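A.B. asks: The file below is model_27.txt, compact mmCIF, N, CA and C atoms:
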```txt
# COMPACT_ATOMS: atom_id res chain seq x y z
N MET L 136 123.58 85.39 110.72
CA MET L 136 122.29 85.93 110.28
C MET L 136 121.52 86.53 111.46
N LYS L 137 121.50 85.79 112.58
CA LYS L 137 120.75 86.28 113.74
C LYS L 137 121.37 87.56 114.30
N LYS L 138 122.72 87.67 114.28
CA LYS L 138 123.36 88.89 114.77
C LYS L 138 123.01 90.08 113.89
N ILE L 139 123.04 89.87 112.58
CA ILE L 139 122.70 90.95 111.65
C ILE L 139 121.25 91.38 111.87
N ALA L 140 120.36 90.41 112.03
CA ALA L 140 118.95 90.72 112.25
C ALA L 140 118.75 91.49 113.55
N SER L 141 119.48 91.10 114.60
CA SER L 141 119.35 91.79 115.89
C SER L 141 119.84 93.23 115.80
N VAL L 142 120.95 93.45 115.12
CA VAL L 142 121.48 94.80 114.97
C VAL L 142 120.52 95.65 114.15
N PHE L 143 120.00 95.08 113.06
CA PHE L 143 119.04 95.78 112.21
C PHE L 143 117.80 96.19 113.01
N CYS L 144 117.28 95.27 113.82
CA CYS L 144 116.09 95.54 114.62
C CYS L 144 116.37 96.65 115.63
N ALA L 145 117.54 96.59 116.29
CA ALA L 145 117.89 97.62 117.28
C ALA L 145 118.00 99.00 116.63
N LEU L 146 118.57 99.06 115.43
CA LEU L 146 118.69 100.34 114.73
C LEU L 146 117.33 100.91 114.37
N ILE L 147 116.45 100.06 113.89
CA ILE L 147 115.10 100.50 113.52
C ILE L 147 114.37 101.02 114.76
N LEU L 148 114.44 100.25 115.84
CA LEU L 148 113.69 100.62 117.04
C LEU L 148 114.24 101.88 117.69
N SER L 149 115.55 102.07 117.64
CA SER L 149 116.13 103.25 118.28
C SER L 149 115.74 104.54 117.55
N ALA L 150 115.35 104.43 116.30
CA ALA L 150 114.94 105.60 115.54
C ALA L 150 113.48 105.97 115.79
N CYS L 151 112.78 105.19 116.61
CA CYS L 151 111.34 105.39 116.80
C CYS L 151 110.98 106.43 117.84
N GLY L 152 111.90 106.85 118.67
CA GLY L 152 111.59 107.81 119.73
C GLY L 152 111.45 109.22 119.19
N ALA L 153 110.42 109.91 119.63
CA ALA L 153 110.21 111.29 119.22
C ALA L 153 111.08 112.22 120.05
N ASN L 154 111.54 113.30 119.45
CA ASN L 154 112.32 114.30 120.16
C ASN L 154 111.35 115.37 120.64
N LEU L 155 111.13 115.43 121.94
CA LEU L 155 110.14 116.35 122.51
C LEU L 155 110.76 117.59 123.13
N ASN L 156 111.99 117.91 122.76
CA ASN L 156 112.66 119.09 123.30
C ASN L 156 111.90 120.36 122.94
N VAL L 157 111.91 121.30 123.87
CA VAL L 157 111.18 122.56 123.71
C VAL L 157 111.71 123.35 122.51
N ASP L 158 113.01 123.30 122.28
CA ASP L 158 113.63 124.11 121.23
C ASP L 158 113.67 123.42 119.87
N ARG L 159 113.05 122.27 119.72
CA ARG L 159 113.08 121.54 118.44
C ARG L 159 111.75 121.72 117.71
N TYR L 160 111.85 122.14 116.47
CA TYR L 160 110.67 122.31 115.61
C TYR L 160 110.80 121.40 114.39
N GLU L 161 109.70 120.87 113.92
CA GLU L 161 109.68 120.15 112.65
C GLU L 161 109.87 121.17 111.53
N THR L 162 110.36 120.75 110.41
CA THR L 162 110.55 121.64 109.27
C THR L 162 109.26 122.34 108.91
N SER L 163 108.15 121.61 108.95
CA SER L 163 106.86 122.19 108.60
C SER L 163 106.41 123.26 109.60
N GLY L 164 107.00 123.26 110.81
CA GLY L 164 106.62 124.24 111.83
C GLY L 164 107.34 125.57 111.70
N ALA L 165 108.40 125.60 110.91
CA ALA L 165 109.14 126.86 110.74
C ALA L 165 108.28 127.85 109.95
N GLY L 166 108.19 129.05 110.47
CA GLY L 166 107.43 130.08 109.77
C GLY L 166 105.94 130.01 110.00
N THR L 167 105.48 129.14 110.91
CA THR L 167 104.05 129.06 111.18
C THR L 167 103.68 130.02 112.31
N VAL L 168 102.41 130.37 112.37
CA VAL L 168 101.91 131.29 113.38
C VAL L 168 101.47 130.51 114.61
N ASN L 169 101.86 131.00 115.78
CA ASN L 169 101.43 130.42 117.05
C ASN L 169 100.59 131.44 117.80
N THR L 170 99.59 130.96 118.53
CA THR L 170 98.85 131.80 119.44
C THR L 170 99.62 131.78 120.76
N VAL L 171 99.88 132.95 121.33
CA VAL L 171 100.66 133.03 122.56
C VAL L 171 99.75 133.46 123.70
N SER L 172 99.80 132.69 124.79
CA SER L 172 99.07 133.03 126.01
C SER L 172 100.08 133.15 127.14
N GLU L 173 99.83 134.09 128.04
CA GLU L 173 100.70 134.24 129.20
C GLU L 173 100.05 133.53 130.38
N GLY L 174 100.91 132.99 131.25
CA GLY L 174 100.38 132.31 132.42
C GLY L 174 101.45 132.05 133.45
N VAL L 175 101.04 131.32 134.49
CA VAL L 175 101.93 130.98 135.61
C VAL L 175 101.80 129.48 135.87
N ILE L 176 102.94 128.84 136.07
CA ILE L 176 102.95 127.42 136.39
C ILE L 176 102.37 127.24 137.80
N ILE L 177 101.34 126.39 137.94
CA ILE L 177 100.77 126.15 139.26
C ILE L 177 101.02 124.72 139.76
N ASN L 178 101.48 123.84 138.88
CA ASN L 178 101.82 122.47 139.29
C ASN L 178 102.78 121.87 138.28
N VAL L 179 103.72 121.07 138.78
CA VAL L 179 104.70 120.39 137.93
C VAL L 179 104.86 118.97 138.44
N ARG L 180 104.91 118.02 137.52
CA ARG L 180 105.24 116.65 137.94
C ARG L 180 105.97 115.93 136.82
N PRO L 181 106.96 115.12 137.19
CA PRO L 181 107.67 114.34 136.18
C PRO L 181 106.79 113.19 135.69
N VAL L 182 106.89 112.90 134.41
CA VAL L 182 106.12 111.80 133.80
C VAL L 182 107.03 111.02 132.85
N THR L 183 106.57 109.85 132.46
CA THR L 183 107.24 109.07 131.43
C THR L 183 106.39 109.16 130.17
N ILE L 184 107.02 109.50 129.08
CA ILE L 184 106.34 109.60 127.79
C ILE L 184 106.78 108.39 126.99
N ALA L 185 105.83 107.55 126.60
CA ALA L 185 106.17 106.30 125.91
C ALA L 185 105.29 106.11 124.68
N THR L 186 105.81 105.34 123.74
CA THR L 186 105.06 104.99 122.55
C THR L 186 103.84 104.17 122.96
N GLU L 187 102.69 104.53 122.44
CA GLU L 187 101.46 103.81 122.78
C GLU L 187 101.37 102.47 122.09
N ASN L 188 101.85 102.39 120.89
CA ASN L 188 101.72 101.17 120.11
C ASN L 188 103.01 100.98 119.32
N GLY L 189 103.73 99.93 119.63
CA GLY L 189 105.02 99.67 118.98
C GLY L 189 104.87 98.99 117.64
N GLU L 190 104.16 99.61 116.69
CA GLU L 190 103.90 98.98 115.40
C GLU L 190 105.17 98.68 114.62
N VAL L 191 106.11 99.62 114.60
CA VAL L 191 107.36 99.38 113.87
C VAL L 191 108.13 98.25 114.52
N GLY L 192 108.19 98.26 115.85
CA GLY L 192 108.87 97.20 116.57
C GLY L 192 108.20 95.85 116.37
N GLN L 193 106.87 95.84 116.36
CA GLN L 193 106.15 94.59 116.13
C GLN L 193 106.44 94.04 114.74
N LEU L 194 106.45 94.92 113.76
CA LEU L 194 106.71 94.49 112.39
C LEU L 194 108.13 93.96 112.26
N ALA L 195 109.11 94.73 112.73
CA ALA L 195 110.51 94.31 112.63
C ALA L 195 110.75 93.02 113.40
N GLY L 196 110.22 92.95 114.62
CA GLY L 196 110.38 91.74 115.43
C GLY L 196 109.69 90.54 114.81
N GLY L 197 108.53 90.76 114.22
CA GLY L 197 107.81 89.67 113.57
C GLY L 197 108.55 89.10 112.38
N VAL L 198 109.10 89.99 111.56
CA VAL L 198 109.87 89.54 110.39
C VAL L 198 111.11 88.77 110.83
N ILE L 199 111.85 89.34 111.77
CA ILE L 199 113.07 88.70 112.24
C ILE L 199 112.75 87.39 112.95
N GLY L 200 111.72 87.38 113.77
CA GLY L 200 111.32 86.16 114.46
C GLY L 200 110.85 85.09 113.49
N GLY L 201 110.12 85.49 112.46
CA GLY L 201 109.66 84.53 111.46
C GLY L 201 110.81 83.90 110.70
N VAL L 202 111.78 84.72 110.31
CA VAL L 202 112.95 84.19 109.59
C VAL L 202 113.74 83.26 110.50
N ALA L 203 113.99 83.70 111.74
CA ALA L 203 114.75 82.87 112.68
C ALA L 203 114.00 81.57 112.98
N GLY L 204 112.69 81.67 113.19
CA GLY L 204 111.90 80.47 113.50
C GLY L 204 111.85 79.47 112.36
N SER L 205 111.91 79.96 111.13
CA SER L 205 111.86 79.05 109.97
C SER L 205 113.15 78.27 109.81
N MET L 206 114.20 78.67 110.52
CA MET L 206 115.50 78.02 110.38
C MET L 206 115.72 76.92 111.42
N ILE L 207 114.67 76.53 112.16
CA ILE L 207 114.85 75.55 113.23
C ILE L 207 114.95 74.12 112.74
N SER L 208 114.56 73.86 111.51
CA SER L 208 114.55 72.48 111.02
C SER L 208 114.62 72.45 109.50
N ASP L 209 114.94 71.27 108.97
CA ASP L 209 114.91 71.07 107.52
C ASP L 209 113.54 70.57 107.07
N ASN L 210 112.71 70.17 108.01
CA ASN L 210 111.37 69.68 107.73
C ASN L 210 110.46 70.85 107.41
N THR L 211 109.75 70.77 106.28
CA THR L 211 108.90 71.89 105.82
C THR L 211 107.82 72.23 106.84
N LEU L 212 107.18 71.23 107.42
CA LEU L 212 106.13 71.48 108.41
C LEU L 212 106.72 72.19 109.63
N MET L 213 107.86 71.74 110.11
CA MET L 213 108.50 72.36 111.27
C MET L 213 108.98 73.77 110.94
N GLN L 214 109.42 73.99 109.72
CA GLN L 214 109.83 75.34 109.31
C GLN L 214 108.64 76.30 109.35
N THR L 215 107.49 75.82 108.87
CA THR L 215 106.28 76.64 108.86
C THR L 215 105.83 76.96 110.28
N ILE L 216 105.80 75.94 111.13
CA ILE L 216 105.40 76.14 112.53
C ILE L 216 106.39 77.09 113.21
N GLY L 217 107.67 76.88 112.97
CA GLY L 217 108.70 77.75 113.56
C GLY L 217 108.58 79.19 113.09
N ALA L 218 108.27 79.36 111.80
CA ALA L 218 108.14 80.71 111.24
C ALA L 218 106.95 81.44 111.86
N VAL L 219 105.82 80.76 111.98
CA VAL L 219 104.63 81.38 112.57
C VAL L 219 104.87 81.70 114.04
N GLY L 220 105.38 80.73 114.78
CA GLY L 220 105.67 80.95 116.21
C GLY L 220 106.70 82.05 116.41
N GLY L 221 107.75 82.03 115.59
CA GLY L 221 108.78 83.06 115.69
C GLY L 221 108.24 84.44 115.36
N ALA L 222 107.35 84.52 114.38
CA ALA L 222 106.76 85.81 114.00
C ALA L 222 105.90 86.37 115.13
N VAL L 223 105.11 85.50 115.77
CA VAL L 223 104.25 85.95 116.87
C VAL L 223 105.10 86.41 118.05
N LEU L 224 106.03 85.56 118.47
CA LEU L 224 106.88 85.92 119.61
C LEU L 224 107.77 87.12 119.29
N GLY L 225 108.33 87.16 118.08
CA GLY L 225 109.17 88.27 117.68
C GLY L 225 108.40 89.57 117.60
N GLY L 226 107.17 89.51 117.11
CA GLY L 226 106.32 90.71 117.05
C GLY L 226 106.02 91.26 118.42
N TYR L 227 105.70 90.37 119.35
CA TYR L 227 105.43 90.80 120.73
C TYR L 227 106.68 91.42 121.35
N ALA L 228 107.80 90.71 121.23
CA ALA L 228 109.06 91.20 121.81
C ALA L 228 109.49 92.52 121.16
N GLY L 229 109.33 92.63 119.84
CA GLY L 229 109.70 93.85 119.14
C GLY L 229 108.86 95.04 119.57
N GLY L 230 107.56 94.83 119.80
CA GLY L 230 106.68 95.90 120.26
C GLY L 230 107.09 96.38 121.65
N LYS L 231 107.39 95.43 122.53
CA LYS L 231 107.82 95.79 123.89
C LYS L 231 109.18 96.49 123.85
N ALA L 232 110.07 96.03 122.99
CA ALA L 232 111.39 96.66 122.87
C ALA L 232 111.25 98.10 122.40
N GLN L 233 110.37 98.33 121.43
CA GLN L 233 110.17 99.70 120.94
C GLN L 233 109.62 100.59 122.04
N GLU L 234 108.68 100.08 122.82
CA GLU L 234 108.13 100.86 123.93
C GLU L 234 109.24 101.27 124.89
N GLY L 235 110.12 100.33 125.21
CA GLY L 235 111.21 100.62 126.14
C GLY L 235 112.23 101.57 125.56
N LEU L 236 112.59 101.39 124.29
CA LEU L 236 113.60 102.24 123.67
C LEU L 236 113.10 103.65 123.38
N SER L 237 111.81 103.80 123.13
CA SER L 237 111.29 105.12 122.78
C SER L 237 110.78 105.88 124.00
N SER L 238 110.77 105.24 125.16
CA SER L 238 110.32 105.88 126.38
C SER L 238 111.30 106.98 126.78
N GLN L 239 110.76 108.10 127.22
CA GLN L 239 111.61 109.20 127.65
C GLN L 239 110.95 109.97 128.79
N ARG L 240 111.78 110.68 129.51
CA ARG L 240 111.26 111.47 130.63
C ARG L 240 110.68 112.78 130.12
N GLY L 241 109.65 113.23 130.81
CA GLY L 241 109.03 114.49 130.46
C GLY L 241 108.47 115.16 131.69
N MET L 242 107.85 116.30 131.49
CA MET L 242 107.25 117.05 132.58
C MET L 242 105.82 117.41 132.18
N GLU L 243 104.91 117.26 133.13
CA GLU L 243 103.53 117.69 132.93
C GLU L 243 103.33 118.96 133.74
N TYR L 244 102.84 119.98 133.07
CA TYR L 244 102.62 121.28 133.71
C TYR L 244 101.14 121.61 133.74
N ILE L 245 100.71 122.22 134.84
CA ILE L 245 99.40 122.86 134.88
C ILE L 245 99.69 124.35 134.91
N VAL L 246 99.11 125.05 133.95
CA VAL L 246 99.37 126.49 133.81
C VAL L 246 98.05 127.24 133.99
N LYS L 247 98.07 128.22 134.86
CA LYS L 247 96.92 129.12 135.03
C LYS L 247 97.17 130.29 134.10
N LEU L 248 96.38 130.35 133.03
CA LEU L 248 96.53 131.43 132.06
C LEU L 248 95.99 132.74 132.62
N ASP L 249 96.50 133.83 132.09
CA ASP L 249 96.04 135.16 132.51
C ASP L 249 94.55 135.34 132.25
N SER L 250 93.99 134.58 131.34
CA SER L 250 92.56 134.65 131.04
C SER L 250 91.72 134.01 132.14
N GLY L 251 92.39 133.29 133.08
CA GLY L 251 91.67 132.61 134.15
C GLY L 251 91.52 131.12 133.91
N LYS L 252 91.70 130.69 132.68
CA LYS L 252 91.58 129.28 132.32
C LYS L 252 92.86 128.54 132.74
N SER L 253 92.70 127.29 133.20
CA SER L 253 93.86 126.45 133.50
C SER L 253 93.98 125.38 132.42
N ILE L 254 95.23 125.09 132.03
CA ILE L 254 95.49 124.07 131.02
C ILE L 254 96.60 123.14 131.52
N THR L 255 96.69 121.97 130.91
CA THR L 255 97.84 121.09 131.16
C THR L 255 98.58 120.92 129.85
N LEU L 256 99.88 120.74 129.97
CA LEU L 256 100.70 120.50 128.79
C LEU L 256 101.88 119.63 129.22
N THR L 257 102.15 118.58 128.46
CA THR L 257 103.27 117.68 128.73
C THR L 257 104.29 117.86 127.62
N GLN L 258 105.55 117.99 128.01
CA GLN L 258 106.62 118.15 127.03
C GLN L 258 107.89 117.53 127.59
N GLY L 259 108.94 117.49 126.78
CA GLY L 259 110.22 116.94 127.20
C GLY L 259 110.77 117.68 128.40
N ASP L 260 111.77 117.07 129.05
CA ASP L 260 112.32 117.67 130.26
C ASP L 260 113.64 118.39 130.02
N ASP L 261 113.89 118.82 128.79
CA ASP L 261 115.14 119.54 128.50
C ASP L 261 115.16 120.92 129.16
N VAL L 262 114.00 121.53 129.33
CA VAL L 262 113.85 122.79 130.05
C VAL L 262 112.77 122.54 131.10
N VAL L 263 113.12 122.75 132.37
CA VAL L 263 112.16 122.49 133.45
C VAL L 263 111.76 123.82 134.09
N PHE L 264 110.46 123.99 134.24
CA PHE L 264 109.91 125.19 134.86
C PHE L 264 109.46 124.85 136.27
N SER L 265 109.35 125.86 137.12
CA SER L 265 108.97 125.62 138.52
C SER L 265 107.65 126.32 138.84
N VAL L 266 107.02 125.86 139.90
CA VAL L 266 105.75 126.44 140.35
C VAL L 266 105.97 127.93 140.64
N GLY L 267 105.05 128.75 140.14
CA GLY L 267 105.13 130.19 140.33
C GLY L 267 105.85 130.92 139.20
N GLN L 268 106.48 130.17 138.30
CA GLN L 268 107.22 130.80 137.20
C GLN L 268 106.26 131.30 136.12
N SER L 269 106.49 132.53 135.64
CA SER L 269 105.71 133.09 134.54
C SER L 269 106.21 132.50 133.23
N VAL L 270 105.28 132.10 132.38
CA VAL L 270 105.64 131.45 131.12
C VAL L 270 104.74 131.94 129.99
N TYR L 271 105.18 131.63 128.78
CA TYR L 271 104.35 131.77 127.59
C TYR L 271 103.94 130.37 127.15
N VAL L 272 102.70 130.22 126.75
CA VAL L 272 102.21 128.97 126.17
C VAL L 272 102.00 129.24 124.69
N LEU L 273 102.73 128.50 123.86
CA LEU L 273 102.62 128.64 122.41
C LEU L 273 101.72 127.54 121.90
N ASP L 274 100.61 127.92 121.31
CA ASP L 274 99.66 126.96 120.75
C ASP L 274 99.64 127.16 119.25
N ALA L 275 100.20 126.21 118.54
CA ALA L 275 100.34 126.35 117.09
C ALA L 275 99.00 126.24 116.38
N ASP L 276 98.70 127.24 115.59
CA ASP L 276 97.47 127.23 114.81
C ASP L 276 97.56 126.24 113.64
N SER L 277 98.80 125.83 113.30
CA SER L 277 99.02 124.98 112.13
C SER L 277 99.01 123.49 112.45
N GLY L 278 98.85 123.13 113.70
CA GLY L 278 98.89 121.72 114.06
C GLY L 278 100.23 121.29 114.64
N GLU L 279 101.22 122.15 114.60
CA GLU L 279 102.50 121.87 115.26
C GLU L 279 102.21 121.73 116.75
N ARG L 280 102.99 120.95 117.45
CA ARG L 280 102.69 120.71 118.86
C ARG L 280 102.86 122.00 119.70
N ALA L 281 102.02 122.10 120.71
CA ALA L 281 102.10 123.25 121.63
C ALA L 281 103.31 123.08 122.53
N ARG L 282 103.73 124.18 123.16
CA ARG L 282 104.88 124.12 124.07
C ARG L 282 104.83 125.28 125.04
N ILE L 283 105.56 125.13 126.13
CA ILE L 283 105.71 126.18 127.13
C ILE L 283 107.14 126.68 127.03
N ILE L 284 107.30 128.02 127.04
CA ILE L 284 108.65 128.60 127.03
C ILE L 284 108.74 129.65 128.13
N ALA L 285 109.96 129.98 128.51
CA ALA L 285 110.18 130.97 129.57
C ALA L 285 109.73 132.35 129.11
N LYS L 286 109.23 133.11 130.06
CA LYS L 286 108.78 134.47 129.79
C LYS L 286 109.94 135.43 129.94
```
If you convert what's in this file into structure tokens, what do you get?
C.D. replies:
Amino acid sequence: MKKIASVFCALILSACGANLNVDRYETSGAGTVNTVSEGVIINVRPVTIATENGEVGQLAGGVIGGVAGSMISDNTLMQTIGAVGGAVLGGYAGGKAQEGLSSQRGMEYIVKLDSGKSITLTQGDDVVFSVGQSVYVLDADSGERARIIAK
């Protein structure tokens, strides 16, 4: 039972990471209008992009921990205490596991737009730009995430 629960939890948590690749669009983003600005990269730094709140991991870990904790004894009181303790500890561990599994490398860019305004944008590191490189900044009018692409 515990092995099945562990595998189930790992599968759920591994699906929690967002794909931040420059060339990946959500289905809802296809055919949407983007505002395009031209600019030059003036600063680049590597960053870690991580889940802020591991709610799915907390939930999965809490359920699994509660079930496992309730199996510590045949005594009803001990089962209840074990279930509550297991749920709390499992929820904490599941949240931390999700943070670790969904963490990914990214790049933070500062772009000096041709308009004179400077902006920052963080995205996945599948395409890396360098200081001085001319780029396009795509800012989706529809709510799709913004991105930087090569000029």
A.B. asks: Just the number, please: distance in Å from CA of Asp274 in chain L to atom C of Val179 in chain L, one decimal.
C.D. replies: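 Pair CA of Asp274 in chain L / atom C of Val179 in chain L returns 20.1 Å.
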A.B. asks: Identify which of the residues L:Thr211, L:Asn169, L:Ile176, L:Ile199 lies closest to Ser269 in chain L, counting only N, CA and C atoms when measuring atom-to-atom distances.
C.D. replies: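 Of L:Thr211, L:Asn169, L:Ile176, L:Ile199, the one nearest Ser269 in chain L is L:Ile176, counting only N, CA and C atoms.
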A.B. asks: Extract, using only C-alpha atoms, all DNA, RNA and protein residues at most 10 Å from range 251-265 of chain L, discarding same-chain residues fewer than 6 positions from it, and format them as an MDAnalysis selection string.
C.D. replies: chainID L and resid 153:158 174:184 239:245 272 280:285
A.B. asks: So how far away is CA of Asp249 in chain L from CA of Gln268 in chain L, in Å?
C.D. replies: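 Answer for the CA of Gln268 in chain L to CA of Asp249 in chain L separation: 12.9 Å.
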A.B. asks: Please, what distance in Å, to one decimal, runs between atom C of Leu248 in chain L and atom C of Lys286 in chain L?
C.D. replies: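 If I compute the distance from atom C of Leu248 in chain L to atom C of Lys286 in chain L, I get 14.5 Å.
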